[in-house]
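Participant: Next comes run.csv, CSV, N, CA and C atoms:
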chain,number,residue,atom,x,y,z
A,1,MET,N,6.8,15.8,-7.5
A,1,MET,CA,6.1,15.0,-8.5
A,1,MET,C,4.6,15.1,-8.2
A,2,THR,N,3.9,15.2,-9.2
A,2,THR,CA,2.4,15.3,-9.1
A,2,THR,C,1.9,13.9,-9.5
A,3,PRO,N,1.1,13.3,-8.6
A,3,PRO,CA,0.6,12.0,-8.9
A,3,PRO,C,-0.5,12.0,-10.0
A,4,SER,N,-0.6,11.0,-10.8
A,4,SER,CA,-1.6,10.9,-11.8
A,4,SER,C,-2.9,10.5,-11.2
A,5,ARG,N,-2.9,9.8,-10.1
A,5,ARG,CA,-4.1,9.4,-9.5
A,5,ARG,C,-3.9,9.1,-8.0
A,6,THR,N,-4.8,9.4,-7.1
A,6,THR,CA,-4.7,9.0,-5.7
A,6,THR,C,-6.0,8.2,-5.3
A,7,LEU,N,-5.8,7.4,-4.3
A,7,LEU,CA,-6.9,6.7,-3.7
A,7,LEU,C,-6.8,6.8,-2.2
A,8,THR,N,-7.8,7.3,-1.5
A,8,THR,CA,-7.8,7.4,-0.1
A,8,THR,C,-8.7,6.4,0.5
A,9,MET,N,-8.1,5.7,1.5
A,9,MET,CA,-8.8,4.6,2.2
A,9,MET,C,-9.4,5.1,3.5
A,10,PRO,N,-10.4,4.4,4.0
A,10,PRO,CA,-11.0,4.8,5.3
A,10,PRO,C,-10.0,4.6,6.4
A,11,PRO,N,-10.2,5.2,7.5
A,11,PRO,CA,-9.2,5.1,8.6
A,11,PRO,C,-9.0,3.6,9.0
A,12,ILE,N,-7.8,3.3,9.3
A,12,ILE,CA,-7.5,1.9,9.8
A,12,ILE,C,-8.1,1.7,11.2
A,13,THR,N,-8.8,0.6,11.3
A,13,THR,CA,-9.5,0.3,12.6
A,13,THR,C,-9.0,-1.1,13.1
A,14,ARG,N,-9.3,-1.4,14.3
A,14,ARG,CA,-9.1,-2.8,14.8
A,14,ARG,C,-9.8,-3.8,13.9
A,15,LYS,N,-11.0,-3.4,13.5
A,15,LYS,CA,-11.8,-4.3,12.7
A,15,LYS,C,-11.1,-4.5,11.3
A,16,THR,N,-10.6,-3.4,10.7
A,16,THR,CA,-9.8,-3.6,9.5
A,16,THR,C,-8.7,-4.6,9.7
A,17,LEU,N,-7.9,-4.5,10.8
A,17,LEU,CA,-6.8,-5.4,11.0
A,17,LEU,C,-7.3,-6.8,11.2
A,18,ALA,N,-8.4,-7.0,12.0
A,18,ALA,CA,-8.9,-8.4,12.2
A,18,ALA,C,-9.4,-9.0,10.9
A,19,GLU,N,-10.1,-8.2,10.0
A,19,GLU,CA,-10.5,-8.7,8.7
A,19,GLU,C,-9.4,-9.0,7.8
A,20,PHE,N,-8.3,-8.2,7.8
A,20,PHE,CA,-7.2,-8.5,7.0
A,20,PHE,C,-6.4,-9.7,7.5
A,21,ALA,N,-6.3,-9.9,8.8
A,21,ALA,CA,-5.7,-11.0,9.4
A,21,ALA,C,-6.4,-12.3,8.9
A,22,GLU,N,-7.7,-12.2,9.0
A,22,GLU,CA,-8.5,-13.4,8.5
A,22,GLU,C,-8.3,-13.7,7.1
A,23,ALA,N,-8.4,-12.7,6.2
A,23,ALA,CA,-8.2,-12.8,4.8
A,23,ALA,C,-6.8,-13.3,4.4
A,24,SER,N,-5.8,-12.8,5.1
A,24,SER,CA,-4.4,-13.1,4.7
A,24,SER,C,-3.8,-14.3,5.4
A,25,GLY,N,-4.4,-14.6,6.6
A,25,GLY,CA,-3.8,-15.7,7.4
A,25,GLY,C,-2.7,-15.2,8.3
A,26,ASP,N,-2.5,-13.9,8.3
A,26,ASP,CA,-1.4,-13.4,9.2
A,26,ASP,C,-2.0,-12.9,10.5
A,27,HIS,N,-1.9,-13.8,11.5
A,27,HIS,CA,-2.5,-13.5,12.8
A,27,HIS,C,-1.5,-13.1,13.8
A,28,ASN,N,-0.4,-12.5,13.4
A,28,ASN,CA,0.7,-12.1,14.3
A,28,ASN,C,0.1,-11.2,15.3
A,29,PRO,N,0.3,-11.5,16.6
A,29,PRO,CA,-0.4,-10.7,17.7
A,29,PRO,C,-0.1,-9.2,17.7
A,30,ILE,N,1.1,-8.8,17.1
A,30,ILE,CA,1.4,-7.3,17.1
A,30,ILE,C,0.4,-6.6,16.2
A,31,HIS,N,-0.4,-7.3,15.4
A,31,HIS,CA,-1.4,-6.6,14.6
A,31,HIS,C,-2.8,-6.7,15.2
A,32,LEU,N,-3.0,-7.5,16.3
A,32,LEU,CA,-4.3,-7.8,16.8
A,32,LEU,C,-4.4,-7.6,18.3
A,33,ASP,N,-3.4,-7.8,19.0
A,33,ASP,CA,-3.5,-7.8,20.5
A,33,ASP,C,-2.6,-6.7,21.1
A,34,PRO,N,-3.3,-5.6,21.7
A,34,PRO,CA,-2.5,-4.5,22.2
A,34,PRO,C,-1.5,-4.9,23.3
A,35,GLU,N,-1.8,-5.9,24.1
A,35,GLU,CA,-0.8,-6.4,25.1
A,35,GLU,C,0.4,-7.0,24.4
A,36,ALA,N,0.2,-7.8,23.4
A,36,ALA,CA,1.4,-8.4,22.7
A,36,ALA,C,2.2,-7.3,22.0
A,37,ALA,N,1.5,-6.3,21.5
A,37,ALA,CA,2.2,-5.2,20.8
A,37,ALA,C,3.0,-4.4,21.8
A,38,ARG,N,2.4,-4.1,23.0
A,38,ARG,CA,3.2,-3.4,24.0
A,38,ARG,C,4.4,-4.2,24.5
A,39,ALA,N,4.2,-5.5,24.6
A,39,ALA,CA,5.3,-6.4,25.0
A,39,ALA,C,6.4,-6.4,24.0
A,40,SER,N,6.1,-6.1,22.8
A,40,SER,CA,7.1,-6.0,21.7
A,40,SER,C,7.7,-4.6,21.6
A,41,GLY,N,7.3,-3.7,22.5
A,41,GLY,CA,7.9,-2.3,22.5
A,41,GLY,C,7.1,-1.3,21.7
A,42,LEU,N,5.9,-1.7,21.3
A,42,LEU,CA,5.1,-0.8,20.5
A,42,LEU,C,4.0,-0.1,21.5
A,43,ASP,N,3.5,1.0,21.1
A,43,ASP,CA,2.5,1.7,21.9
A,43,ASP,C,1.1,1.0,21.7
A,44,ASP,N,0.9,0.4,20.6
A,44,ASP,CA,-0.4,-0.3,20.3
A,44,ASP,C,-0.2,-1.2,19.1
A,45,VAL,N,-1.2,-1.8,18.6
A,45,VAL,CA,-1.1,-2.7,17.5
A,45,VAL,C,-0.7,-1.8,16.3
A,46,ILE,N,0.0,-2.5,15.3
A,46,ILE,CA,0.3,-1.8,14.0
A,46,ILE,C,-0.3,-2.6,12.9
A,47,ALA,N,-0.5,-1.8,11.8
A,47,ALA,CA,-1.1,-2.4,10.6
A,47,ALA,C,-0.2,-3.4,10.0
A,48,HIS,N,-0.7,-4.4,9.3
A,48,HIS,CA,0.1,-5.3,8.5
A,48,HIS,C,0.7,-4.5,7.4
A,49,GLY,N,2.0,-4.7,7.1
A,49,GLY,CA,2.6,-4.1,6.0
A,49,GLY,C,1.9,-4.4,4.7
A,50,MET,N,1.5,-5.7,4.6
A,50,MET,CA,0.8,-6.1,3.4
A,50,MET,C,-0.6,-5.5,3.2
A,51,LEU,N,-1.2,-5.0,4.3
A,51,LEU,CA,-2.4,-4.3,4.1
A,51,LEU,C,-2.1,-3.0,3.3
A,52,LEU,N,-1.0,-2.3,3.7
A,52,LEU,CA,-0.7,-1.1,2.9
A,52,LEU,C,-0.3,-1.5,1.5
A,53,ALA,N,0.4,-2.6,1.3
A,53,ALA,CA,0.7,-3.0,0.0
A,53,ALA,C,-0.6,-3.3,-0.8
A,54,ALA,N,-1.6,-3.9,-0.2
A,54,ALA,CA,-2.9,-4.2,-0.8
A,54,ALA,C,-3.5,-2.8,-1.2
A,55,TYR,N,-3.5,-1.8,-0.4
A,55,TYR,CA,-4.0,-0.5,-0.7
A,55,TYR,C,-3.3,0.0,-2.0
A,56,ALA,N,-2.0,-0.2,-2.0
A,56,ALA,CA,-1.2,0.3,-3.2
A,56,ALA,C,-1.6,-0.5,-4.5
A,57,GLY,N,-1.9,-1.8,-4.3
A,57,GLY,CA,-2.4,-2.6,-5.4
A,57,GLY,C,-3.7,-2.1,-5.9
A,58,ARG,N,-4.6,-1.7,-5.0
A,58,ARG,CA,-5.9,-1.2,-5.4
A,58,ARG,C,-5.8,0.1,-6.2
A,59,ALA,N,-4.9,0.9,-5.8
A,59,ALA,CA,-4.7,2.2,-6.5
A,59,ALA,C,-4.1,2.0,-7.9
A,60,VAL,N,-3.1,1.1,-8.0
A,60,VAL,CA,-2.6,0.8,-9.4
A,60,VAL,C,-3.7,0.2,-10.2
A,61,GLU,N,-4.5,-0.7,-9.7
A,61,GLU,CA,-5.6,-1.3,-10.5
A,61,GLU,C,-6.6,-0.3,-10.9
A,62,ALA,N,-6.8,0.7,-10.1
A,62,ALA,CA,-7.8,1.8,-10.4
A,62,ALA,C,-7.3,2.6,-11.6
A,63,VAL,N,-6.0,2.8,-11.7
A,63,VAL,CA,-5.4,3.6,-12.8
A,63,VAL,C,-5.2,2.7,-14.0
A,64,TYR,N,-4.7,1.5,-13.8
A,64,TYR,CA,-4.4,0.6,-14.9
A,64,TYR,C,-5.1,-0.7,-14.7
A,65,PRO,N,-6.4,-0.8,-15.0
A,65,PRO,CA,-7.1,-2.0,-14.9
A,65,PRO,C,-6.5,-3.2,-15.7
A,66,ASP,N,-6.4,-4.3,-15.1
A,66,ASP,CA,-5.9,-5.5,-15.7
A,66,ASP,C,-4.5,-5.4,-16.3
A,67,CYS,N,-3.6,-4.5,-15.7
A,67,CYS,CA,-2.3,-4.4,-16.2
A,67,CYS,C,-1.5,-5.6,-15.9
A,68,ASP,N,-0.4,-5.8,-16.7
A,68,ASP,CA,0.5,-6.9,-16.6
A,68,ASP,C,1.7,-6.3,-15.9
A,69,ILE,N,2.0,-6.7,-14.6
A,69,ILE,CA,3.1,-6.3,-13.9
A,69,ILE,C,4.3,-7.1,-14.3
A,70,ARG,N,5.4,-6.4,-14.7
A,70,ARG,CA,6.6,-7.1,-15.1
A,70,ARG,C,7.5,-7.3,-13.9
A,71,ASP,N,7.7,-6.3,-13.1
A,71,ASP,CA,8.5,-6.4,-11.9
A,71,ASP,C,8.0,-5.2,-10.9
A,72,PHE,N,8.4,-5.4,-9.7
A,72,PHE,CA,8.1,-4.4,-8.7
A,72,PHE,C,9.0,-4.5,-7.5
A,73,SER,N,9.2,-3.4,-6.8
A,73,SER,CA,9.9,-3.4,-5.6
A,73,SER,C,9.1,-2.6,-4.6
A,74,ILE,N,9.2,-2.9,-3.4
A,74,ILE,CA,8.4,-2.2,-2.4
A,74,ILE,C,9.2,-2.0,-1.1
A,75,ARG,N,9.1,-0.9,-0.5
A,75,ARG,CA,9.8,-0.6,0.7
A,75,ARG,C,8.8,0.0,1.7
A,76,PHE,N,8.8,-0.6,2.9
A,76,PHE,CA,8.0,-0.1,4.0
A,76,PHE,C,8.8,0.9,4.8
A,77,THR,N,8.4,2.1,4.9
A,77,THR,CA,9.2,3.2,5.6
A,77,THR,C,8.7,3.5,7.0
A,78,ARG,N,7.4,3.3,7.3
A,78,ARG,CA,6.9,3.5,8.6
A,78,ARG,C,5.7,2.6,8.8
A,79,THR,N,5.3,2.4,10.0
A,79,THR,CA,4.2,1.5,10.3
A,79,THR,C,2.9,2.2,10.2
A,80,GLY,N,1.9,1.5,9.8
A,80,GLY,CA,0.5,2.0,9.8
A,80,GLY,C,-0.1,1.8,11.2
A,81,ARG,N,-0.9,2.7,11.6
A,81,ARG,CA,-1.4,2.7,13.0
A,81,ARG,C,-2.9,2.8,13.0
A,82,ILE,N,-3.6,2.5,14.1
A,82,ILE,CA,-5.0,2.6,14.2
A,82,ILE,C,-5.3,4.1,14.0
A,83,GLY,N,-6.3,4.4,13.2
A,83,GLY,CA,-6.7,5.8,12.9
A,83,GLY,C,-6.1,6.4,11.7
A,84,ASP,N,-5.0,5.8,11.2
A,84,ASP,CA,-4.4,6.4,10.0
A,84,ASP,C,-5.3,6.3,8.8
A,85,VAL,N,-5.4,7.4,8.1
A,85,VAL,CA,-6.1,7.5,6.8
A,85,VAL,C,-5.0,7.5,5.8
A,86,ILE,N,-5.0,6.4,5.0
A,86,ILE,CA,-3.9,6.2,4.0
A,86,ILE,C,-4.3,6.7,2.7
A,87,THR,N,-3.5,7.5,2.0
A,87,THR,CA,-3.8,7.9,0.7
A,87,THR,C,-2.6,7.4,-0.2
A,88,VAL,N,-3.0,6.7,-1.2
A,88,VAL,CA,-2.0,6.1,-2.1
A,88,VAL,C,-1.9,6.9,-3.4
A,89,ALA,N,-0.8,7.3,-3.8
A,89,ALA,CA,-0.6,8.0,-5.1
A,89,ALA,C,0.2,7.2,-6.1
A,90,VAL,N,-0.3,7.2,-7.3
A,90,VAL,CA,0.3,6.5,-8.4
A,90,VAL,C,0.8,7.5,-9.5
A,91,MET,N,2.0,7.4,-9.9
A,91,MET,CA,2.5,8.3,-10.9
A,91,MET,C,3.3,7.6,-12.0
A,92,SER,N,3.0,7.8,-13.2
A,92,SER,CA,3.8,7.3,-14.3
A,92,SER,C,5.0,8.1,-14.5
A,93,ARG,N,6.2,7.5,-14.3
A,93,ARG,CA,7.4,8.2,-14.4
A,93,ARG,C,8.0,8.2,-15.8
A,94,LYS,N,7.7,7.1,-16.5
A,94,LYS,CA,8.3,6.9,-17.9
A,94,LYS,C,7.4,6.0,-18.6
A,95,ALA,N,7.0,6.4,-19.8
A,95,ALA,CA,6.2,5.5,-20.7
A,95,ALA,C,7.0,5.3,-22.0
A,96,GLY,N,6.9,4.1,-22.5
A,96,GLY,CA,7.5,3.8,-23.8
A,96,GLY,C,6.6,2.8,-24.5
A,97,ASN,N,7.2,2.3,-25.7
A,97,ASN,CA,6.4,1.3,-26.5
A,97,ASN,C,6.2,0.0,-25.7
A,98,ASP,N,7.1,-0.3,-24.8
A,98,ASP,CA,7.1,-1.6,-24.2
A,98,ASP,C,6.4,-1.5,-22.8
A,99,GLY,N,5.9,-0.3,-22.4
A,99,GLY,CA,5.2,-0.3,-21.1
A,99,GLY,C,5.5,1.0,-20.4
A,100,GLU,N,5.2,1.0,-19.1
A,100,GLU,CA,5.4,2.2,-18.2
A,100,GLU,C,6.1,1.8,-16.9
A,101,HIS,N,6.8,2.8,-16.4
A,101,HIS,CA,7.4,2.7,-15.1
A,101,HIS,C,6.6,3.5,-14.1
A,102,LEU,N,6.1,2.9,-13.0
A,102,LEU,CA,5.3,3.7,-12.1
A,102,LEU,C,6.0,3.8,-10.8
A,103,GLU,N,5.7,4.9,-10.1
A,103,GLU,CA,6.1,5.1,-8.7
A,103,GLU,C,4.8,5.2,-7.9
A,104,VAL,N,4.8,4.6,-6.8
A,104,VAL,CA,3.6,4.5,-5.9
A,104,VAL,C,4.1,4.8,-4.5
A,105,TRP,N,3.3,5.6,-3.8
A,105,TRP,CA,3.6,5.8,-2.4
A,105,TRP,C,2.4,5.9,-1.6
A,106,ALA,N,2.4,5.6,-0.4
A,106,ALA,CA,1.3,5.7,0.6
A,106,ALA,C,1.7,6.6,1.7
A,107,VAL,N,0.8,7.5,2.0
A,107,VAL,CA,1.1,8.5,3.1
A,107,VAL,C,-0.1,8.5,4.0
A,108,ASP,N,0.1,8.9,5.3
A,108,ASP,CA,-1.0,9.0,6.2
A,108,ASP,C,-1.5,10.5,6.2
A,109,GLN,N,-2.5,10.7,7.1
A,109,GLN,CA,-3.1,12.0,7.1
A,109,GLN,C,-2.2,13.2,7.5
A,110,ASN,N,-1.0,12.8,8.0
A,110,ASN,CA,0.0,13.8,8.4
A,110,ASN,C,1.1,14.0,7.4
A,111,GLY,N,0.9,13.3,6.3
A,111,GLY,CA,1.9,13.3,5.2
A,111,GLY,C,3.1,12.4,5.4
A,112,GLU,N,3.1,11.6,6.4
A,112,GLU,CA,4.2,10.6,6.7
A,112,GLU,C,4.1,9.5,5.7
A,113,VAL,N,5.2,9.3,5.0
A,113,VAL,CA,5.3,8.2,4.0
A,113,VAL,C,5.4,6.9,4.7
A,114,LYS,N,4.5,6.0,4.3
A,114,LYS,CA,4.4,4.6,4.9
A,114,LYS,C,5.0,3.6,4.0
A,115,LEU,N,4.9,3.8,2.7
A,115,LEU,CA,5.3,2.8,1.7
A,115,LEU,C,5.8,3.5,0.5
A,116,GLU,N,6.8,3.0,-0.2
A,116,GLU,CA,7.2,3.5,-1.5
A,116,GLU,C,7.4,2.2,-2.4
A,117,ALA,N,7.0,2.3,-3.6
A,117,ALA,CA,7.1,1.2,-4.5
A,117,ALA,C,7.4,1.7,-5.9
A,118,GLU,N,8.0,0.8,-6.7
A,118,GLU,CA,8.2,1.0,-8.1
A,118,GLU,C,7.7,-0.2,-8.9
A,119,LEU,N,7.0,0.0,-10.0
A,119,LEU,CA,6.5,-1.1,-10.8
A,119,LEU,C,6.8,-0.8,-12.2
A,120,SER,N,7.0,-1.8,-13.0
A,120,SER,CA,7.1,-1.8,-14.4
A,120,SER,C,5.9,-2.6,-14.9
A,121,ILE,N,5.1,-2.0,-15.8
A,121,ILE,CA,4.0,-2.7,-16.4
A,121,ILE,C,4.1,-2.8,-17.9
A,122,ALA,N,3.6,-3.9,-18.4
A,122,ALA,CA,3.7,-4.1,-19.9
A,122,ALA,C,2.7,-3.3,-20.6
A,123,ALA,N,3.1,-2.9,-21.8
A,123,ALA,CA,2.1,-2.1,-22.6
A,123,ALA,C,1.0,-3.1,-23.1
A,124,ARG,N,-0.2,-2.6,-23.3
A,124,ARG,CA,-1.3,-3.3,-23.8
A,124,ARG,C,-1.3,-3.0,-25.3
A,125,HIS,N,-1.3,-4.1,-26.1
A,125,HIS,CA,-1.4,-4.0,-27.6
A,125,HIS,C,-2.8,-4.3,-28.0
A,126,LYS,N,-3.2,-3.6,-29.1
A,126,LYS,CA,-4.5,-3.9,-29.7
A,126,LYS,C,-4.6,-5.3,-30.0
A,127,GLY,N,-5.8,-5.9,-29.6
A,127,GLY,CA,-6.0,-7.3,-29.9
A,127,GLY,C,-5.5,-8.2,-28.9
A,128,ALA,N,-4.8,-7.7,-27.9
A,128,ALA,CA,-4.2,-8.5,-26.8
A,128,ALA,C,-5.3,-8.8,-25.7
Render the structure in this file as structure tokens.
Facilitator:
Amino acid sequence: MTPSRTLTMPPITRKTLAEFAEASGDHNPIHLDPEAARASGLDDVIAHGMLLAAYAGRAVEAVYPDCDIRDFSIRFTRTGRIGDVITVAVMSRKAGNDGEHLEVWAVDQNGEVKLEAELSIAARHKGA
């Protein structure tokens, strides 16, 4: 499948995670404290899954500004890590009179899929 649009984000940094924690209210130590992450069996802190979801949302918004989302599903397949450069791809799989069905995925610089999502968006009608 060839994406209709991609968005590449800057590398994930500790600052990225701290800023996202502040904005989201998710201060889980596995995202912020290397010692806590190691105590949980991780090598280092991991990115918030919802940070990757936010990146996906930005990519959809770039392709379909002000779209009306009818439904969505999201699956996190791997964790984001410090230094990962995430590219999000958006592809329209099916379009009809009532809207479009989109597939979205986020991959790192090595091609490892981190997130997969499917969305249905409503069609925009003239005058709406």
Participant: Report the distance between atom C of Ala37 (chain A) and atom N of Trp105 (chain A) in Å, rounded to one decimal place.
Facilitator: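 Atom-to-atom, atom C of Ala37 (chain A) and atom N of Trp105 (chain A) are spaced 27.5 Å apart.
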Participant: Within 6 Å of Arg5 (chain A), counting all atoms listed in the file, which residues show up once you throw out same-chain ones fewer than 4 positions away? Write them as JSON, numbers by chain, please.
Facilitator: {"A": [88, 89, 90, 91]}
Participant: Just checking: using only C-alpha atoms, which residue out of A:Val63, A:Thr79, A:Glu19, A:Lys114 ends up closest to Leu102 (chain A)?
Facilitator: A:Val63
Participant: Of the residues A:Thr87, A:Asn110, A:Ser120, A:Thr77, which is the one nearest to Leu7 (chain A), using all atoms listed in the file?
Facilitator: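 So, comparing all the options, the nearest one is A:Thr87.
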Participant: Just to confirm, what's the straight-line distance from CA of His31 (chain A) to CA of Ala47 (chain A) in Å (one decimal)?
Facilitator: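 It comes out at 5.8 Å.
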Participant: Atom N of Asp43 (chain A) and atom N of Glu22 (chain A) are how many Å apart?
Facilitator: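 About the pair atom N of Asp43 (chain A) and atom N of Glu22 (chain A): they are 21.1 Å apart.
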Participant: Mind filling out region 43-54 of chain A with N, CA, C and O atoms and sending it as a JSON list (two decimals), in the coordinates of the input?
Facilitator:
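After the write, rebuild-v3.json holds the following:
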[["chain", "number", "residue", "atom", "x", "y", "z"],
["A", 43, "ASP", "N", 3.50, 1.00, 21.10],
["A", 43, "ASP", "CA", 2.50, 1.70, 21.90],
["A", 43, "ASP", "C", 1.10, 1.00, 21.70],
["A", 43, "ASP", "O", 0.33, 1.00, 22.68],
["A", 44, "ASP", "N", 0.90, 0.40, 20.60],
["A", 44, "ASP", "CA", -0.40, -0.30, 20.30],
["A", 44, "ASP", "C", -0.20, -1.20, 19.10],
["A", 44, "ASP", "O", 0.96, -1.24, 18.56],
["A", 45, "VAL", "N", -1.20, -1.80, 18.60],
["A", 45, "VAL", "CA", -1.10, -2.70, 17.50],
["A", 45, "VAL", "C", -0.70, -1.80, 16.30],
["A", 45, "VAL", "O", -0.90, -0.64, 16.22],
["A", 46, "ILE", "N", 0.00, -2.50, 15.30],
["A", 46, "ILE", "CA", 0.30, -1.80, 14.00],
["A", 46, "ILE", "C", -0.30, -2.60, 12.90],
["A", 46, "ILE", "O", -0.68, -3.75, 12.98],
["A", 47, "ALA", "N", -0.50, -1.80, 11.80],
["A", 47, "ALA", "CA", -1.10, -2.40, 10.60],
["A", 47, "ALA", "C", -0.20, -3.40, 10.00],
["A", 47, "ALA", "O", 1.05, -3.23, 10.02],
["A", 48, "HIS", "N", -0.70, -4.40, 9.30],
["A", 48, "HIS", "CA", 0.10, -5.30, 8.50],
["A", 48, "HIS", "C", 0.70, -4.50, 7.40],
["A", 48, "HIS", "O", 0.01, -3.73, 6.70],
["A", 49, "GLY", "N", 2.00, -4.70, 7.10],
["A", 49, "GLY", "CA", 2.60, -4.10, 6.00],
["A", 49, "GLY", "C", 1.90, -4.40, 4.70],
["A", 49, "GLY", "O", 1.73, -3.61, 3.79],
["A", 50, "MET", "N", 1.50, -5.70, 4.60],
["A", 50, "MET", "CA", 0.80, -6.10, 3.40],
["A", 50, "MET", "C", -0.60, -5.50, 3.20],
["A", 50, "MET", "O", -1.07, -5.49, 2.09],
["A", 51, "LEU", "N", -1.20, -5.00, 4.30],
["A", 51, "LEU", "CA", -2.40, -4.30, 4.10],
["A", 51, "LEU", "C", -2.10, -3.00, 3.30],
["A", 51, "LEU", "O", -2.85, -2.64, 2.40],
["A", 52, "LEU", "N", -1.00, -2.30, 3.70],
["A", 52, "LEU", "CA", -0.70, -1.10, 2.90],
["A", 52, "LEU", "C", -0.30, -1.50, 1.50],
["A", 52, "LEU", "O", -0.62, -0.71, 0.57],
["A", 53, "ALA", "N", 0.40, -2.60, 1.30],
["A", 53, "ALA", "CA", 0.70, -3.00, 0.00],
["A", 53, "ALA", "C", -0.60, -3.30, -0.80],
["A", 53, "ALA", "O", -0.68, -3.04, -2.04],
["A", 54, "ALA", "N", -1.60, -3.90, -0.20],
["A", 54, "ALA", "CA", -2.90, -4.20, -0.80],
["A", 54, "ALA", "C", -3.50, -2.80, -1.20],
["A", 54, "ALA", "O", -4.14, -2.75, -2.33]]
